[in-house]
>>> print(open('query34.txt').read())   # compact mmCIF, C-alpha atoms
# COMPACT_ATOMS: atom_id res chain seq x y z
CA MET A 12 -14.37 -89.15 62.29
CA LYS A 13 -17.01 -87.20 64.23
CA ASN A 14 -16.03 -83.97 62.47
CA LEU A 15 -16.21 -85.61 59.09
CA ASN A 16 -19.60 -87.13 59.83
CA LEU A 17 -21.09 -83.84 61.01
CA LYS A 18 -19.71 -81.97 58.02
CA THR A 19 -20.96 -84.52 55.53
CA ILE A 20 -24.42 -84.69 57.12
CA LEU A 21 -24.87 -80.93 56.81
CA ALA A 22 -23.37 -80.79 53.34
CA ALA A 23 -25.40 -83.66 51.98
CA THR A 24 -28.55 -82.18 53.50
CA ALA A 25 -27.76 -78.91 51.74
CA LEU A 26 -27.39 -80.69 48.42
CA LEU A 27 -30.66 -82.52 48.96
CA LEU A 28 -32.51 -79.26 49.49
CA CYS A 29 -31.00 -76.80 47.11
CA GLY A 30 -28.49 -78.35 44.75
CA ARG A 31 -25.00 -77.09 44.09
CA ALA A 32 -25.51 -73.49 45.22
CA MET A 33 -26.58 -74.40 48.75
CA ALA A 34 -23.98 -77.13 48.99
CA SER A 35 -21.22 -74.60 48.42
CA ASP A 36 -22.35 -72.70 51.53
CA PHE A 37 -21.46 -75.78 53.57
CA ASP A 38 -18.11 -76.18 51.81
CA LEU A 39 -19.22 -79.45 50.27
CA ALA A 40 -16.56 -78.90 47.60
CA SER A 41 -13.97 -80.16 50.11
CA VAL A 42 -15.87 -83.38 50.83
CA SER A 43 -16.30 -86.34 48.51
CA ALA A 44 -18.02 -89.69 48.71
CA ASP A 45 -14.54 -91.24 48.67
CA ASP A 46 -13.86 -89.56 52.03
CA VAL A 47 -16.75 -91.42 53.56
CA ARG A 48 -15.89 -94.69 51.84
CA ALA A 49 -12.41 -94.40 53.33
CA VAL A 50 -13.95 -94.01 56.77
CA GLN A 51 -16.24 -96.94 56.15
CA ALA A 52 -13.29 -99.09 55.07
CA GLY A 53 -11.67 -98.46 58.43
CA LEU A 54 -14.69 -99.67 60.39
CA LYS A 55 -14.60 -103.16 61.80
CA ALA A 56 -16.83 -105.74 60.23
CA PRO A 57 -19.20 -107.37 60.63
CA VAL A 58 -21.38 -104.69 62.23
CA PRO A 59 -24.81 -105.66 63.61
CA ALA A 60 -27.71 -104.07 61.78
CA PRO A 61 -28.71 -100.96 63.75
CA SER A 62 -32.21 -100.47 65.08
CA ALA A 63 -34.05 -97.17 64.78
CA ASP A 64 -33.38 -96.48 68.46
CA ASP A 65 -29.61 -96.72 67.88
CA MET A 66 -29.51 -94.05 65.20
CA VAL A 67 -28.72 -90.39 65.83
CA GLY A 68 -31.75 -88.12 65.61
CA VAL A 69 -31.51 -84.91 63.63
CA ASP A 70 -33.66 -81.79 63.97
CA LEU A 71 -32.35 -78.96 61.79
CA GLY A 72 -33.55 -75.56 60.70
CA ILE A 73 -31.65 -74.65 57.53
CA ARG A 74 -31.90 -71.06 56.30
CA ILE A 75 -31.33 -70.54 52.59
CA PRO A 76 -30.62 -66.86 51.82
CA TYR A 77 -32.28 -65.30 48.80
CA LYS A 78 -28.77 -64.51 47.53
CA THR A 79 -28.07 -68.26 47.43
CA LEU A 80 -31.30 -68.90 45.54
CA LYS A 81 -30.25 -66.21 43.08
CA LYS A 82 -27.02 -68.15 42.43
CA ALA A 83 -29.14 -71.16 41.51
CA VAL A 84 -31.12 -69.00 39.03
CA LEU A 85 -27.87 -67.70 37.52
CA MET A 86 -26.68 -71.30 37.06
CA ALA A 87 -29.98 -72.15 35.40
CA ALA A 88 -29.55 -69.17 33.07
CA ALA A 89 -26.03 -70.33 32.20
CA SER A 90 -27.32 -73.75 31.16
CA ASP A 91 -30.46 -72.62 29.32
CA LYS A 92 -30.25 -69.61 27.01
CA ARG A 93 -34.01 -69.10 27.15
CA LEU A 94 -33.57 -67.61 30.63
CA THR A 95 -31.78 -64.33 31.43
CA VAL A 96 -31.26 -62.48 34.70
CA ILE A 97 -31.83 -58.87 33.71
CA ASP A 98 -29.78 -57.10 36.40
CA GLN A 99 -27.21 -59.35 38.03
CA ASP A 100 -26.81 -56.89 40.92
CA ALA A 101 -30.51 -56.87 41.79
CA PRO A 102 -32.53 -59.49 43.71
CA VAL A 103 -34.40 -62.24 41.90
CA MET A 104 -36.43 -63.50 44.85
CA SER A 105 -37.78 -61.66 47.90
CA LYS A 106 -40.50 -61.83 50.55
CA SER A 107 -43.87 -60.24 49.83
CA GLY A 108 -46.07 -60.69 52.88
CA GLU A 109 -46.50 -64.44 53.31
CA PHE A 110 -45.52 -65.03 49.69
CA LEU A 111 -42.37 -65.19 47.57
CA ARG A 112 -41.89 -62.64 44.81
CA VAL A 113 -39.84 -63.55 41.73
CA THR A 114 -38.76 -60.82 39.34
CA ASN A 115 -35.71 -59.57 37.39
CA ILE A 116 -35.82 -62.44 34.90
CA ARG A 117 -36.52 -62.62 31.18
CA VAL A 118 -37.68 -65.70 29.23
CA ASN A 119 -37.52 -66.20 25.47
CA GLN A 120 -40.77 -67.86 24.46
CA GLY A 121 -40.29 -68.77 20.82
CA GLY A 122 -38.89 -65.37 19.87
CA ILE A 123 -41.16 -63.35 22.15
CA ILE A 124 -39.22 -61.97 25.11
CA VAL A 125 -41.36 -62.24 28.25
CA GLN A 126 -40.53 -60.49 31.52
CA PRO A 127 -42.64 -62.03 34.32
CA THR A 128 -43.16 -60.96 37.91
CA LEU A 129 -44.53 -63.87 39.92
CA THR A 130 -46.09 -64.06 43.36
CA LEU A 131 -45.72 -67.59 44.72
CA LYS A 132 -47.25 -69.31 47.74
CA PRO A 133 -44.90 -72.02 49.11
CA TYR A 134 -46.33 -74.81 51.24
CA LEU A 135 -45.86 -78.47 52.14
CA GLU A 136 -48.37 -80.84 50.61
CA ALA A 137 -46.93 -83.68 52.69
CA THR A 138 -43.63 -84.79 54.20
CA ASP A 139 -40.84 -84.26 51.61
CA LYS A 140 -43.35 -82.73 49.17
CA LEU A 141 -42.91 -79.00 48.56
CA ALA A 142 -45.29 -77.01 46.39
CA LEU A 143 -45.10 -73.49 44.94
CA ARG A 144 -48.46 -72.17 43.76
CA ILE A 145 -48.58 -69.15 41.46
CA GLN A 146 -50.91 -66.64 43.10
CA ARG A 147 -50.37 -63.76 40.68
CA VAL A 148 -48.68 -63.20 37.32
CA GLN A 149 -47.66 -59.88 35.81
CA LEU A 150 -46.26 -60.14 32.29
CA HIS A 151 -44.65 -57.74 29.85
CA ALA A 152 -43.44 -58.79 26.43
CA ALA A 153 -41.57 -57.48 23.41
CA MET A 154 -40.33 -58.91 20.13
CA GLU A 155 -36.73 -57.94 20.88
CA PRO A 156 -34.89 -57.26 24.18
CA ASP A 157 -34.15 -53.64 23.22
CA VAL A 158 -37.78 -52.85 22.31
CA LYS A 159 -39.80 -51.06 24.99
CA ALA A 160 -41.88 -53.60 26.93
CA MET A 161 -45.60 -53.61 26.29
CA PRO A 162 -48.48 -55.10 28.32
CA VAL A 163 -49.24 -58.66 27.32
CA GLY A 164 -52.47 -59.02 25.42
CA PRO A 165 -53.07 -62.12 23.30
CA ILE A 166 -50.17 -64.10 24.79
CA ASN A 167 -51.44 -67.14 26.67
CA GLN A 168 -50.26 -66.71 30.27
CA GLU A 169 -50.76 -70.39 31.03
CA GLU A 170 -48.42 -71.41 28.23
CA VAL A 171 -45.89 -68.75 29.22
CA MET A 172 -45.77 -70.21 32.72
CA VAL A 173 -45.24 -73.69 31.30
CA GLN A 174 -42.16 -72.30 29.53
CA VAL A 175 -40.91 -70.51 32.66
CA MET A 176 -41.28 -73.61 34.83
CA ASP A 177 -39.68 -75.83 32.20
CA VAL A 178 -36.63 -73.57 32.29
CA ALA A 179 -36.60 -73.63 36.11
CA ILE A 180 -36.86 -77.43 36.35
CA LYS A 181 -34.16 -78.07 33.74
CA GLY A 182 -31.91 -75.54 35.46
CA VAL A 183 -32.20 -77.29 38.83
CA TYR A 184 -31.59 -80.72 37.27
CA SER A 185 -28.55 -79.41 35.39
CA ALA A 186 -27.00 -77.93 38.56
CA VAL A 187 -27.58 -81.08 40.61
CA ASN A 188 -26.31 -83.39 37.85
CA ASP A 189 -23.19 -81.25 37.51
CA PHE A 190 -22.49 -81.61 41.23
CA LEU A 191 -23.12 -85.38 41.23
CA LYS A 192 -20.80 -85.85 38.26
CA LYS A 193 -17.98 -83.85 39.86
CA LYS A 194 -18.30 -85.83 43.08
CA GLN A 195 -18.47 -89.13 41.17
CA ILE A 196 -21.76 -90.03 42.80
CA PRO A 197 -23.63 -92.62 40.70
CA MET A 198 -27.01 -90.91 40.88
CA LYS A 199 -29.17 -88.71 38.67
CA ALA A 200 -30.75 -85.42 39.68
CA GLU A 201 -34.23 -86.94 39.43
CA GLU A 202 -33.26 -89.39 42.19
CA VAL A 203 -32.44 -86.47 44.51
CA ILE A 204 -35.30 -84.12 43.66
CA LYS A 205 -38.21 -84.91 41.36
CA MET A 206 -39.96 -81.84 39.98
CA SER A 207 -43.08 -81.31 37.89
CA TYR A 208 -45.35 -78.43 36.96
CA ASP A 209 -49.14 -78.76 36.92
CA LYS A 210 -50.35 -76.04 34.58
CA THR A 211 -54.02 -76.53 35.44
CA ALA A 212 -53.28 -75.92 39.15
CA TRP A 213 -50.56 -73.35 38.40
CA THR A 214 -48.34 -75.26 40.84
CA LEU A 215 -44.72 -76.39 40.78
CA ARG A 216 -44.18 -79.53 42.87
CA ALA A 217 -40.91 -80.99 44.17
CA THR A 218 -40.45 -84.31 45.96
CA LEU A 219 -37.19 -84.66 47.90
CA SER A 220 -35.32 -87.90 48.55
CA SER A 221 -32.82 -88.70 51.30
CA LYS A 222 -30.99 -91.26 49.13
CA ILE A 223 -28.12 -88.83 48.56
CA ILE A 224 -27.32 -88.98 52.29
CA ASN A 225 -26.24 -92.62 51.90
CA GLN A 226 -23.36 -91.46 49.70
CA PHE A 227 -21.89 -89.33 52.51
CA VAL A 228 -22.84 -90.87 55.84
CA PRO A 229 -21.74 -94.33 57.03
CA PRO A 230 -24.80 -96.61 57.24
CA GLY A 231 -26.46 -96.81 60.63
CA LEU A 232 -25.29 -93.38 61.82
CA VAL A 233 -28.51 -91.36 61.38
CA GLY A 234 -32.07 -92.11 60.44
CA GLU A 235 -33.62 -90.93 57.20
CA LEU A 236 -33.89 -87.15 56.89
CA HIS A 237 -37.19 -85.60 55.83
CA LEU A 238 -38.47 -82.14 54.99
CA THR A 239 -41.17 -81.36 57.56
CA GLY A 240 -41.55 -77.57 57.54
CA PHE A 241 -41.11 -74.41 55.50
CA THR A 242 -41.19 -70.71 56.44
CA VAL A 243 -40.58 -67.50 54.47
CA GLY A 244 -38.36 -64.85 56.11
CA ASP A 245 -37.10 -61.38 55.26
CA ASN A 246 -33.66 -62.61 54.17
CA GLY A 247 -34.36 -66.14 53.02
CA ILE A 248 -36.44 -69.27 53.46
CA THR A 249 -36.03 -71.73 56.33
CA LEU A 250 -36.52 -75.45 55.89
CA LYS A 251 -37.14 -77.78 58.82
CA ILE A 252 -35.35 -81.12 58.43
CA GLN A 253 -35.97 -84.03 60.82
CA THR A 254 -35.43 -87.72 61.30
CA PRO A 255 -38.50 -89.70 62.39
CA GLN A 256 -39.32 -89.19 66.05
>>> encode(input="query34.txt", output="structure tokens")
Amino acid sequence: MKNLNLKTILAATALLLCGRAMASDFDLASVSADDVRAVQAGLKAPVPAPSADDMVGVDLGIRIPYKTLKKAVLMAAASDKRLTVIDQDAPVMSKSGEFLRVTNIRVNQGGIIVQPTLTLKPYLEATDKLALRIQRVQLHAAMEPDVKAMPVGPINQEEVMVQVMDVAIKGVYSAVNDFLKKKQIPMKAEEVIKMSYDKTAWTLRATLSSKIINQFVPPGLVGELHLTGFTVGDNGITLKIQTPQ
């Protein structure tokens, strides 16, 4: 039972943070909510309601490689034909100083093919609230994919970014919903991660929920998990996950 609990905690945490792509790194495909329900069925009842002091504390640093994030982008591209990864052998996301650099993608904006290079500043607005602010945008566009790219002139960059972020949000929701459906978990993606884009602030915001953990961990085992930190590294990003102290 201890092995199952540890595995499901890590796997469910991975899903909470990064959807199906990250979950696969923890071999979540071999774990289902039914596994945990079977464990719960074997527990003696009634069980006294646990206090916060009785619960296991968790303090995790989870590194998400850029290659894993690229898999998430590829899944988004598979579900939304407006998005294309130009070179599937090249990186999509990388470190640029203290920022994240996104490139190697193409977005169809109403027949105009836009190829953006974005510089993003990730930060926590509050516990469980991650923000990605667009610091710089470089855009090239063409009427057809095989036409030589030209510098963007009259195209409204603000509206282009609305399109790009709409594709990104729908891609994440699609990947998470696909995972939840396969695992027969009665939740929607928006209950796991709620995302929105503020075009006036040029900022993508994501609010994470620990509700998904309840589907994998017997009640009373650990306290609620929260995102409390975020750092950008050379090979990936690292998220700090903690239960209340």
>>> residues_around(input="query34.txt", residues="Tyr208 in chain A", least_positions_apart="6", cutoff="9 Å", atoms="all atoms listed in the file", output="list of chain:residue names")
A:Val173, A:Met176, A:Asp177, A:Ile180, A:Thr214, A:Leu215, A:Arg216, A:Ala217
>>> residues_around(input="query34.txt", residues="range 90-93 of chain A", least_positions_apart="3", cutoff="9 Å", atoms="all atoms listed in the file", output="PyMOL selection string")
chain A and resi 85-87+117-121+175+178+181-182+185-186
>>> atom_distance(input="query34.txt", atom1="CA of Val125 in chain A", atom2="CA of Leu150 in chain A")
6.7 Å
>>> closest_residue(input="query34.txt", among="A:Thr138, A:Gln149, A:Ser207, A:Gln253", to="Thr114 in chain A", atoms="all atoms listed in the file")
A:Gln149
>>> residues_near_point(input="query34.txt", point="(-45.7, -64.4, 43.7)", cutoff="8 Å", atoms="all atoms listed in the file", output="count of residues only")
14
>>> decode(input="query34.txt", residues="range 130-145 of chain A", atoms="N, CA and C atoms", output="compact mmCIF listing (two decimals), in the first residue's frame")
# COMPACT_ATOMS: atom_id res chain seq x y z
N THR A 130 9.21 35.79 -25.97
CA THR A 130 10.01 35.80 -24.75
C THR A 130 9.05 36.00 -23.59
N LEU A 131 8.99 35.01 -22.70
CA LEU A 131 8.01 35.00 -21.62
C LEU A 131 8.68 35.09 -20.26
N LYS A 132 8.08 35.84 -19.36
CA LYS A 132 8.54 35.92 -17.98
C LYS A 132 7.57 35.15 -17.10
N PRO A 133 7.98 33.97 -16.55
CA PRO A 133 7.10 33.22 -15.66
C PRO A 133 7.27 33.68 -14.22
N TYR A 134 6.16 33.75 -13.49
CA TYR A 134 6.24 34.12 -12.08
C TYR A 134 4.96 33.68 -11.38
N LEU A 135 5.02 33.60 -10.05
CA LEU A 135 3.85 33.29 -9.25
C LEU A 135 3.18 34.58 -8.80
N GLU A 136 1.91 34.73 -9.10
CA GLU A 136 1.16 35.87 -8.60
C GLU A 136 0.73 35.63 -7.16
N ALA A 137 0.49 34.35 -6.84
CA ALA A 137 0.09 33.94 -5.50
C ALA A 137 0.19 32.42 -5.45
N THR A 138 -0.05 31.83 -4.30
CA THR A 138 -0.04 30.38 -4.19
C THR A 138 -1.00 29.77 -5.20
N ASP A 139 -0.52 28.79 -5.97
CA ASP A 139 -1.31 28.08 -6.98
C ASP A 139 -1.63 28.92 -8.20
N LYS A 140 -1.13 30.14 -8.29
CA LYS A 140 -1.45 31.03 -9.40
C LYS A 140 -0.18 31.37 -10.18
N LEU A 141 -0.04 30.73 -11.34
CA LEU A 141 1.12 30.92 -12.20
C LEU A 141 0.78 31.90 -13.32
N ALA A 142 1.72 32.77 -13.63
CA ALA A 142 1.51 33.74 -14.71
C ALA A 142 2.69 33.69 -15.68
N LEU A 143 2.40 33.89 -16.96
CA LEU A 143 3.42 33.99 -18.00
C LEU A 143 3.18 35.30 -18.75
N ARG A 144 4.07 36.26 -18.52
CA ARG A 144 3.91 37.56 -19.17
C ARG A 144 4.79 37.64 -20.41
N ILE A 145 4.19 38.10 -21.51
CA ILE A 145 4.93 38.24 -22.76
C ILE A 145 5.79 39.49 -22.68
